[in-house]
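Novice: Sending over start.cif (mmCIF, C-alpha atoms and all ligand atoms).
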data_upload
loop_
_atom_site.label_atom_id
_atom_site.label_comp_id
_atom_site.auth_asym_id
_atom_site.auth_seq_id
_atom_site.Cartn_x
_atom_site.Cartn_y
_atom_site.Cartn_z
CA MET A 72 57.77 27.57 14.32
CA ARG A 73 55.78 29.90 12.13
CA MET A 74 53.29 28.71 9.55
CA LYS A 75 52.95 30.76 6.42
CA THR A 76 50.12 33.19 7.00
CA TYR A 77 47.63 31.96 4.44
CA GLN A 78 48.14 28.33 5.39
CA ARG A 79 47.65 29.29 9.02
CA MET A 80 44.49 31.21 8.13
CA LEU A 81 43.18 28.33 6.13
CA LEU A 82 44.20 25.34 8.16
CA GLY A 83 45.08 26.59 11.61
CA CYS A 84 41.53 26.73 12.84
CA LEU A 85 39.90 23.87 10.99
CA PRO A 86 37.42 22.41 11.56
CA VAL A 87 35.82 24.20 14.47
CA CYS A 88 36.03 27.90 13.80
CA MET A 89 34.97 30.27 11.08
CA LEU A 90 36.98 30.31 7.91
CA LEU A 91 37.60 33.44 5.86
CA ILE A 92 37.22 33.21 2.10
CA GLY A 93 37.56 36.65 0.57
CA SER A 94 35.38 38.76 2.78
CA ILE A 95 32.75 36.13 3.49
CA ALA A 96 32.99 34.11 6.68
CA VAL A 97 31.83 30.55 6.16
CA PRO A 98 31.46 28.09 9.02
CA ALA A 99 33.96 25.28 8.43
CA GLN A 100 31.31 22.63 8.98
CA GLU A 101 29.39 24.00 5.99
CA ARG A 102 32.28 23.30 3.67
CA ARG A 103 31.98 20.14 1.60
CA TRP A 104 34.22 17.99 -0.57
CA PHE A 105 33.82 18.17 -4.33
CA LYS A 106 35.55 15.79 -6.74
CA GLY A 107 36.97 17.25 -9.93
CA ASN A 108 39.49 17.10 -12.75
CA THR A 109 41.68 20.05 -13.76
CA HIS A 110 43.07 18.78 -17.08
CA THR A 111 40.75 17.71 -19.91
CA HIS A 112 40.84 17.88 -23.70
CA THR A 113 37.97 17.76 -26.18
CA LEU A 114 37.47 18.08 -29.94
CA ASN A 115 38.25 21.78 -29.44
CA SER A 116 41.90 20.69 -29.57
CA ASP A 117 43.28 17.14 -29.76
CA GLY A 118 40.62 15.18 -27.90
CA ASP A 119 38.31 12.74 -29.70
CA SER A 120 34.96 13.78 -28.22
CA THR A 121 32.73 16.81 -28.03
CA PRO A 122 32.68 18.94 -24.86
CA ASP A 123 29.10 17.68 -24.31
CA ASP A 124 30.17 14.04 -24.33
CA VAL A 125 33.22 14.71 -22.14
CA VAL A 126 31.15 16.59 -19.55
CA LYS A 127 28.57 13.82 -19.63
CA TRP A 128 31.26 11.20 -18.90
CA TYR A 129 32.58 13.05 -15.85
CA ARG A 130 29.10 13.82 -14.57
CA GLN A 131 28.07 10.18 -14.89
CA ASN A 132 31.21 8.95 -13.16
CA GLY A 133 30.83 10.65 -9.81
CA TYR A 134 32.63 13.94 -10.39
CA ASN A 135 31.28 17.31 -9.25
CA PHE A 136 33.29 19.65 -11.46
CA LEU A 137 35.43 19.65 -14.59
CA PHE A 138 37.88 22.15 -16.07
CA ILE A 139 38.03 21.97 -19.87
CA THR A 140 41.62 22.82 -20.80
CA ASP A 141 42.12 22.53 -24.54
CA HIS A 142 45.30 23.69 -26.20
CA GLU A 143 44.96 27.40 -27.06
CA TYR A 144 41.17 27.27 -26.97
CA VAL A 145 38.79 28.40 -24.24
CA THR A 146 35.48 26.58 -24.47
CA ASN A 147 32.38 28.61 -23.70
CA VAL A 148 31.06 26.63 -20.74
CA ALA A 149 27.76 28.54 -20.31
CA PRO A 150 25.75 26.22 -22.61
CA LEU A 151 27.31 23.17 -20.94
CA ASN A 152 26.33 24.42 -17.50
CA ASP A 153 22.82 25.18 -18.81
CA LEU A 154 22.62 21.61 -20.06
CA PHE A 155 24.37 19.67 -17.30
CA GLY A 156 24.53 21.94 -14.27
CA GLN A 157 20.93 22.74 -13.60
CA SER A 158 20.63 20.46 -10.62
CA GLY A 159 23.49 22.39 -8.97
CA ARG A 160 25.37 19.12 -8.68
CA PHE A 161 27.83 19.59 -11.52
CA LEU A 162 29.95 22.54 -12.61
CA VAL A 163 31.97 23.04 -15.79
CA ILE A 164 34.76 25.61 -15.50
CA SER A 165 36.61 27.17 -18.42
CA GLY A 166 40.34 26.89 -18.87
CA GLN A 167 43.15 26.33 -21.33
CA GLU A 168 46.42 24.45 -21.62
CA VAL A 169 49.00 27.05 -22.67
CA THR A 170 51.18 24.90 -24.88
CA ASP A 171 54.72 26.13 -25.30
CA SER A 172 58.07 24.56 -26.14
CA PHE A 173 61.73 25.40 -26.15
CA ASP A 174 64.61 23.43 -27.62
CA ARG A 175 62.02 20.81 -28.73
CA LYS A 176 60.88 20.17 -25.17
CA PRO A 177 57.27 20.71 -24.06
CA TYR A 178 56.48 23.40 -21.48
CA HIS A 179 52.77 23.34 -20.72
CA ILE A 180 50.76 25.11 -18.05
CA ASN A 181 47.06 25.07 -17.35
CA ALA A 182 45.18 28.32 -16.97
CA LEU A 183 42.24 27.43 -14.74
CA GLY A 184 39.20 29.67 -14.72
CA ILE A 185 40.20 32.03 -17.55
CA ASP A 186 37.72 33.27 -20.13
CA ARG A 187 40.07 34.29 -22.94
CA VAL A 188 42.94 32.53 -24.69
CA VAL A 189 46.46 33.21 -23.41
CA MET A 190 48.89 32.70 -26.27
CA PRO A 191 52.22 30.95 -25.55
CA ASN A 192 55.12 33.40 -25.71
CA LYS A 193 57.73 31.13 -27.28
CA LEU A 194 60.68 32.85 -25.61
CA PRO A 195 64.19 31.42 -25.63
CA GLY A 196 64.72 29.43 -22.43
CA ALA A 197 62.55 27.07 -20.40
CA VAL A 198 62.21 29.32 -17.36
CA GLU A 199 61.83 32.48 -19.47
CA THR A 200 59.00 31.17 -21.60
CA LEU A 201 57.19 29.43 -18.73
CA GLN A 202 57.50 32.44 -16.44
CA LYS A 203 56.02 34.79 -19.05
CA ASN A 204 53.17 32.34 -19.65
CA ILE A 205 52.56 32.05 -15.88
CA ASP A 206 52.56 35.85 -15.57
CA ASP A 207 50.09 36.17 -18.45
CA VAL A 208 47.75 33.57 -16.93
CA ASN A 209 47.88 35.36 -13.58
CA LYS A 210 47.09 38.65 -15.36
CA ALA A 211 44.11 36.97 -17.03
CA GLY A 212 42.82 35.95 -13.58
CA GLY A 213 43.52 32.23 -13.92
CA VAL A 214 44.95 29.79 -11.41
CA THR A 215 48.29 28.51 -12.75
CA GLN A 216 49.11 24.81 -12.86
CA VAL A 217 52.48 23.56 -14.15
CA ASN A 218 51.81 20.36 -16.09
CA HIS A 219 53.61 17.00 -16.39
CA PRO A 220 57.15 18.13 -15.45
CA ASN A 221 58.67 14.86 -16.69
CA PHE A 222 56.90 14.82 -20.08
CA GLY A 223 59.80 14.93 -22.57
CA TRP A 224 62.01 15.22 -19.46
CA ALA A 225 61.46 18.94 -19.90
CA LEU A 226 61.46 20.37 -16.37
CA THR A 227 64.10 20.04 -13.69
CA ALA A 228 63.95 20.87 -9.99
CA ASP A 229 66.10 23.89 -10.75
CA HIS A 230 63.53 25.21 -13.27
CA LEU A 231 60.63 24.64 -10.88
CA ILE A 232 62.45 26.37 -8.03
CA LYS A 233 63.32 29.37 -10.23
CA LEU A 234 59.75 29.84 -11.46
CA GLN A 235 57.65 32.30 -9.46
CA ASN A 236 53.97 32.87 -8.78
CA TYR A 237 52.45 29.55 -9.76
CA SER A 238 49.98 27.84 -7.48
CA LEU A 239 49.82 24.21 -8.57
CA MET A 240 51.90 21.48 -10.17
CA GLU A 241 50.98 18.04 -11.41
CA ILE A 242 52.45 15.29 -9.27
CA TYR A 243 50.30 12.70 -11.04
CA ASN A 244 49.04 13.04 -14.63
CA GLY A 245 47.01 10.16 -16.10
CA HIS A 246 48.55 10.36 -19.58
CA PRO A 247 50.55 7.16 -20.13
CA LEU A 248 53.62 8.96 -21.56
CA VAL A 249 54.44 11.60 -18.94
CA ASN A 250 56.94 9.68 -16.78
CA ASN A 251 55.29 10.43 -13.42
CA LEU A 252 57.63 8.04 -11.63
CA GLY A 253 60.90 9.32 -13.10
CA GLY A 254 63.63 6.78 -13.77
CA GLY A 255 67.11 6.43 -15.19
CA GLY A 256 68.36 8.77 -12.50
CA GLN A 257 65.62 11.36 -13.12
CA PRO A 258 63.39 12.22 -10.15
CA SER A 259 59.69 11.46 -10.02
CA ALA A 260 57.17 14.29 -10.32
CA GLU A 261 56.54 13.85 -6.60
CA ALA A 262 60.27 14.21 -5.84
CA LEU A 263 60.33 17.36 -7.95
CA TRP A 264 57.48 18.66 -5.79
CA ASP A 265 59.52 17.92 -2.67
CA ALA A 266 62.45 19.83 -4.16
CA VAL A 267 60.19 22.85 -4.73
CA LEU A 268 58.76 22.64 -1.21
CA THR A 269 62.22 22.17 0.30
CA SER A 270 63.29 25.42 -1.38
CA GLY A 271 60.59 27.14 0.68
CA LYS A 272 58.15 27.68 -2.19
CA LEU A 273 54.58 26.68 -1.36
CA VAL A 274 53.07 24.95 -4.40
CA PHE A 275 50.17 22.52 -4.17
CA GLY A 276 50.20 19.03 -5.74
CA ILE A 277 47.59 18.00 -8.31
CA ALA A 278 46.48 14.62 -9.66
CA ASP A 279 44.49 14.79 -12.88
CA ASP A 280 43.66 12.93 -16.08
CA ASP A 281 44.99 14.95 -19.04
CA SER A 282 42.23 12.98 -20.74
CA HIS A 283 41.97 13.08 -24.52
CA TYR A 284 40.05 10.01 -25.65
CA LEU A 285 36.64 8.77 -24.58
CA LYS A 286 36.54 6.46 -27.57
CA ARG A 287 39.55 4.47 -26.34
CA ILE A 288 38.46 3.76 -22.78
CA GLY A 289 40.07 0.46 -21.77
CA ASP A 290 43.16 1.02 -23.94
CA PRO A 291 46.10 1.37 -21.50
CA THR A 292 48.16 3.20 -24.13
CA ALA A 293 45.60 6.03 -24.40
CA PRO A 294 45.05 9.11 -22.24
CA THR A 295 41.55 8.24 -21.05
CA PRO A 296 39.50 9.71 -18.16
CA GLY A 297 39.14 8.54 -14.56
CA LYS A 298 42.73 8.09 -13.45
CA GLY A 299 43.64 11.04 -11.21
CA TRP A 300 41.56 13.75 -9.58
CA ILE A 301 41.31 16.15 -6.66
CA TYR A 302 38.83 16.48 -3.82
CA VAL A 303 38.33 20.17 -3.14
CA ARG A 304 36.86 21.46 0.12
CA ALA A 305 34.69 24.46 -0.63
CA SER A 306 31.71 26.38 0.66
CA SER A 307 29.74 25.84 -2.54
CA LEU A 308 30.02 24.35 -5.99
CA THR A 309 30.72 27.67 -7.69
CA VAL A 310 33.63 28.94 -9.77
CA PRO A 311 34.86 31.47 -7.17
CA ALA A 312 34.68 28.92 -4.33
CA ILE A 313 36.53 26.17 -6.27
CA LEU A 314 39.22 28.59 -7.52
CA ALA A 315 39.68 30.01 -4.00
CA SER A 316 40.23 26.53 -2.55
CA LEU A 317 42.74 25.72 -5.31
CA ARG A 318 44.66 28.92 -4.58
CA THR A 319 44.82 28.21 -0.85
CA GLY A 320 45.49 24.47 -1.11
CA ASP A 321 42.28 23.30 0.51
CA PHE A 322 42.18 20.06 -1.45
CA TYR A 323 43.95 16.75 -1.80
CA ALA A 324 45.02 14.73 -4.81
CA SER A 325 43.99 11.13 -5.42
CA THR A 326 44.22 8.17 -7.74
CA GLY A 327 41.60 6.25 -5.77
CA VAL A 328 42.04 6.78 -2.04
CA GLU A 329 39.27 8.82 -0.42
CA LEU A 330 39.59 10.54 2.93
CA ALA A 331 36.78 10.87 5.44
CA ASP A 332 38.59 13.77 7.08
CA TYR A 333 41.81 15.72 6.87
CA LYS A 334 42.76 18.21 9.57
CA THR A 335 45.82 20.29 10.13
CA ASP A 336 46.68 22.76 12.83
CA SER A 337 49.92 24.01 14.32
CA ARG A 338 50.20 20.85 16.45
CA SER A 339 49.33 17.94 14.21
CA VAL A 340 48.29 16.56 10.86
CA SER A 341 45.43 14.08 11.05
CA ILE A 342 44.28 11.84 8.19
CA THR A 343 41.13 9.72 8.35
CA ILE A 344 40.79 7.26 5.48
CA LYS A 345 37.47 6.10 4.05
CA GLU A 346 38.60 2.48 3.96
CA GLU A 347 37.64 -0.03 1.32
CA ARG A 348 36.73 -3.32 2.90
CA ALA A 349 39.53 -5.58 1.68
CA SER A 350 42.28 -2.96 1.46
CA LYS A 351 45.07 -2.03 3.83
CA TYR A 352 46.70 1.38 4.06
CA THR A 353 50.01 3.01 4.85
CA VAL A 354 50.23 6.71 5.63
CA ARG A 355 53.63 8.31 5.12
CA PHE A 356 54.34 11.72 6.60
CA ILE A 357 56.99 13.48 4.56
CA GLY A 358 59.10 16.55 5.35
CA SER A 359 61.87 18.74 3.94
CA GLY A 360 64.12 16.98 1.44
CA GLY A 361 61.37 14.40 0.86
CA ARG A 362 62.46 12.57 3.99
CA LEU A 363 60.14 10.12 5.70
CA LEU A 364 59.15 11.58 9.06
CA ALA A 365 56.87 8.78 10.18
CA GLU A 366 54.80 5.92 8.85
CA SER A 367 51.41 4.99 10.26
CA HIS A 368 49.07 2.04 9.84
CA SER A 369 46.40 3.54 12.10
CA ASN A 370 43.19 5.14 10.99
CA PRO A 371 43.07 8.01 11.74
CA ALA A 372 46.79 8.53 11.24
CA VAL A 373 48.07 11.42 13.31
CA TYR A 374 51.46 13.11 13.05
CA PRO A 375 52.46 15.43 15.90
CA ILE A 376 54.33 18.39 14.42
CA LYS A 377 57.72 19.09 15.99
CA GLY A 378 58.42 22.31 14.11
CA ASP A 379 61.75 21.45 12.52
CA GLU A 380 60.34 19.50 9.56
CA GLY A 381 60.36 22.45 7.11
CA TYR A 382 56.98 21.22 5.92
CA VAL A 383 54.76 18.23 6.58
CA ARG A 384 52.67 16.47 3.97
CA ALA A 385 51.03 13.05 3.88
CA LYS A 386 50.95 10.36 1.23
CA ILE A 387 48.43 7.57 1.62
CA VAL A 388 49.14 4.30 -0.17
CA GLU A 389 46.46 1.62 -0.58
CA SER A 390 47.45 -2.04 -0.87
CA ASN A 391 46.46 -2.23 -4.56
CA GLY A 392 48.41 0.88 -5.51
CA LYS A 393 45.79 3.61 -5.13
CA MET A 394 47.19 6.81 -3.64
CA ALA A 395 46.28 10.14 -2.12
CA TRP A 396 48.47 13.13 -1.37
CA THR A 397 47.55 15.90 1.06
CA GLN A 398 48.93 19.41 0.76
CA PRO A 399 51.95 20.56 2.77
CA VAL A 400 51.79 22.60 5.90
CA MET A 401 54.89 24.73 5.68
CA PHE A 402 56.85 26.39 8.43
CA ALA A 403 58.94 29.47 7.80
CA GLY A 404 61.17 28.83 10.81
CA ARG A 405 63.82 26.16 11.30
CA ARG A 406 64.34 23.61 8.60
ZN ZN B 1 50.46 19.02 -21.91
ZN ZN B 2 46.99 18.23 -21.79
#
Using structure tokens, write down the structure that the file contains.
Specialist:
Amino acid sequence: MRMKTYQRMLLGCLPVCMLLIGSIAVPAQERRWFKGNTHTHTLNSDGDSTPDDVVKWYRQNGYNFLFITDHEYVTNVAPLNDLFGQSGRFLVISGQEVTDSFDRKPYHINALGIDRVVMPNKLPGAVETLQKNIDDVNKAGGVTQVNHPNFGWALTADHLIKLQNYSLMEIYNGHPLVNNLGGGGQPSAEALWDAVLTSGKLVFGIADDDSHYLKRIGDPTAPTPGKGWIYVRASSLTVPAILASLRTGDFYASTGVELADYKTDSRSVSITIKEERASKYTVRFIGSGGRLLAESHSNPAVYPIKGDEGYVRAKIVESNGKMAWTQPVMFAGRR
């Protein structure tokens, strides 16, 4: 059993020892959870509200950070951080949704943390055009996130397995038309993630809003904010710290379930849920091929790693349908 090196570095010693981020050693106990959204539109593309109003909404609704990811537009976040970030309790991070298509299907990726526009390449072929866009975002220093794989039924497991050098993929997107759950014989976004992980590629799962409309909050047909998010564990609420945790998978995705703790080492995965009073919870531990390894109703829920699972990830389901997904621990050995 051999964990991939960076996962081992990141997770193998949590929470008791020192953690390396770049060249700075940060005691694990000084790392905190920050709630944020990685997919947001404003009037700078097809949203209905100004960046100021969008930032205000997220700040007022318990978030700690927000990526603004308009189509082919990078918002200058400095004035927004001057206005809303002075307390050090909220951070706006620049980004873009690189909006491409092929054969009338949408191929979109988010470029998180970039400061200049990356133009879509419009190459023939889904993998070709997405790969070039991913490469360009990496060159621009951004963290790459493959968006809504089932929107327009554009992406298949085969595409996602062929693509290289992307860090994140959406397994839940709050837009009402992106087919998160699959259907008609098509796999869910989560099943596509399992296919990618089963192929041996380590990609981290994201939940986010893809919010467009503040003015239609309450309309279930509209892409409004507050549906999916991530909790990122980081040493500080700064752009380098948040981007580093995204790159190394030190976060979990949620549509409402919050964890009090989440620990992984070479022996076990342990999930502690911050329970809501009237809710009940099921924790599913999932391995290679998306197979159910174990189900737990305990809190904390602990899965002892055997070493032949390929990878182990957890999905937490709350009795009213809220979810959380932790990131996989992957083993390079037997599968
Ligand atoms: Zn999109
Ligand atoms: Zn979008």
Novice: In Å, with one decimal, what is the gap from CA of Leu201 in chain A to CA of Ser165 in chain A?
Specialist: 20.7 Å
Novice: What would the list of residues within 10 Å of (35.1, 22.2, -24.1) (file frame) look like as an MDAnalysis selection string, if all atoms listed in the file are what count?
Specialist: chainID A and resid 111:116 118 120:126 137:141 144:148 151 163:167
Novice: Store the residues picked out above in a file with C-alpha atoms, as a compact mmCIF listing (two decimals), in the coordinates of the input.
Specialist:
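The resulting part_15.txt:
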# COMPACT_ATOMS: atom_id res chain seq x y z
CA THR A 111 40.75 17.71 -19.91
CA HIS A 112 40.84 17.88 -23.70
CA THR A 113 37.97 17.76 -26.18
CA LEU A 114 37.47 18.08 -29.94
CA ASN A 115 38.25 21.78 -29.44
CA SER A 116 41.90 20.69 -29.57
CA GLY A 118 40.62 15.18 -27.90
CA SER A 120 34.96 13.78 -28.22
CA THR A 121 32.73 16.81 -28.03
CA PRO A 122 32.68 18.94 -24.86
CA ASP A 123 29.10 17.68 -24.31
CA ASP A 124 30.17 14.04 -24.33
CA VAL A 125 33.22 14.71 -22.14
CA VAL A 126 31.15 16.59 -19.55
CA LEU A 137 35.43 19.65 -14.59
CA PHE A 138 37.88 22.15 -16.07
CA ILE A 139 38.03 21.97 -19.87
CA THR A 140 41.62 22.82 -20.80
CA ASP A 141 42.12 22.53 -24.54
CA TYR A 144 41.17 27.27 -26.97
CA VAL A 145 38.79 28.40 -24.24
CA THR A 146 35.48 26.58 -24.47
CA ASN A 147 32.38 28.61 -23.70
CA VAL A 148 31.06 26.63 -20.74
CA LEU A 151 27.31 23.17 -20.94
CA VAL A 163 31.97 23.04 -15.79
CA ILE A 164 34.76 25.61 -15.50
CA SER A 165 36.61 27.17 -18.42
CA GLY A 166 40.34 26.89 -18.87
CA GLN A 167 43.15 26.33 -21.33
Novice: Write as an NGL selection string the residues around ligand ZN 1 (chain B), taking 7 Å as the cut-off and counting all atoms listed in the file.
Specialist: :A and (168 or 170 or 179 or 218-219)
Novice: Atoms to include: C-alpha atoms. Write the selected residues as an mmCIF file, in the frame of the given file.
Specialist:
data_model
loop_
_atom_site.group_PDB
_atom_site.id
_atom_site.type_symbol
_atom_site.label_atom_id
_atom_site.label_comp_id
_atom_site.auth_asym_id
_atom_site.auth_seq_id
_atom_site.Cartn_x
_atom_site.Cartn_y
_atom_site.Cartn_z
ATOM 1 C CA GLU A 168 46.420 24.450 -21.620
ATOM 2 C CA THR A 170 51.180 24.900 -24.880
ATOM 3 C CA HIS A 179 52.770 23.340 -20.720
ATOM 4 C CA ASN A 218 51.810 20.360 -16.090
ATOM 5 C CA HIS A 219 53.610 17.000 -16.390
#
Novice: Compare A:Ala182, A:Val383, A:Ile342, A:Val198 by their minimum atom-to-atom distance to ligand ZN 2 (chain B), counting only C-alpha atoms and all ligand atoms, and give me the closest one.
Specialist: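 Going through A:Ala182, A:Val383, A:Ile342, A:Val198 one by one, the smallest distance to ligand ZN 2 (chain B) is for A:Ala182.
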Novice: Excluding Gly223 in chain A and any residue of its chain fewer than 4 positions from it, enumerate the residues within 8 Å of it, using all atoms listed in the file, and give them as an MDAnalysis selection string.
Specialist: chainID A and resid 176:177 249
Novice: My list of candidates is A:Pro247, A:Gly253, A:Phe105, A:Met394. Which is closest to Arg160 in chain A when distances are computed with all atoms listed in the file?
Specialist: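 Ranked by minimum distance to Arg160 in chain A, first place goes to A:Phe105.
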Novice: From the options A:Asn181, A:Thr335, A:Asn135, A:Asn221, which residue's atoms come nearest to ligand ZN 2 (chain B), counting only C-alpha atoms and all ligand atoms?
Specialist: A:Asn181
Novice: Return the single residue from A:Lys334, A:Arg130, A:His230, A:Lys377 that is closest to Leu162 in chain A, with distances computed using all atoms listed in the file.
Specialist: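 Under the stated criterion, the closest residue is A:Arg130.
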Novice: One decimal, Å: what's the distance from CA of Thr295 in chain A over to CA of His283 in chain A, could you say?
Specialist: 6.0 Å
Novice: I'd like to know which of A:Pro220, A:Gly196, A:Gly297, A:Gly381 is closest to Leu248 in chain A, using all atoms listed in the file.
Specialist: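 Selected residue with least distance to Leu248 in chain A: A:Pro220.
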Novice: At a cut-off of 12 Å, using all atoms listed in the file, what residues contact Lys210 in chain A? Leave out same-chain residues fewer than 6 positions from it and give the result as a compact mmCIF listing (two decimals) with C-alpha atoms, keeping the file's coordinate frame.
Specialist:
# COMPACT_ATOMS: atom_id res chain seq x y z
CA ALA A 182 45.18 28.32 -16.97
CA GLY A 184 39.20 29.67 -14.72
CA ILE A 185 40.20 32.03 -17.55
CA ASP A 186 37.72 33.27 -20.13
CA ARG A 187 40.07 34.29 -22.94
CA VAL A 188 42.94 32.53 -24.69
CA VAL A 189 46.46 33.21 -23.41
CA LYS A 203 56.02 34.79 -19.05
CA ASN A 204 53.17 32.34 -19.65
CA ASN A 236 53.97 32.87 -8.78
CA TYR A 237 52.45 29.55 -9.76
Novice: Near range 265-267 of chain A, within 12 Å and counting all atoms listed in the file, which residues show up once chain neighbours fewer than 5 positions away are dropped, as number ranges by chain?
Specialist: A: 226-235, 237-240, 242, 258-260, 272-276, 357-363, 381-385, 398-399, 401
Novice: Out of A:Asp206, A:Glu380, A:Gly245, A:Glu261, which residue has the shortest atom-to-atom distance to Ser282 in chain A when counting all atoms listed in the file?
Specialist: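 Residue with the minimum atom-to-atom distance to Ser282 in chain A: A:Gly245.
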Novice: As an exercise, work out the distance from CA of Leu183 in chain A to CA of Ile288 in chain A in Å and give it to one decimal place.
Specialist: 25.3 Å
Novice: Show me as number ranges by chain the residues that reach within 8 Å of (47.2, 16.3, 15.3), counting all atoms listed in the file and using the file's own coordinates.
Specialist: A: 334-336, 338-341, 373-376
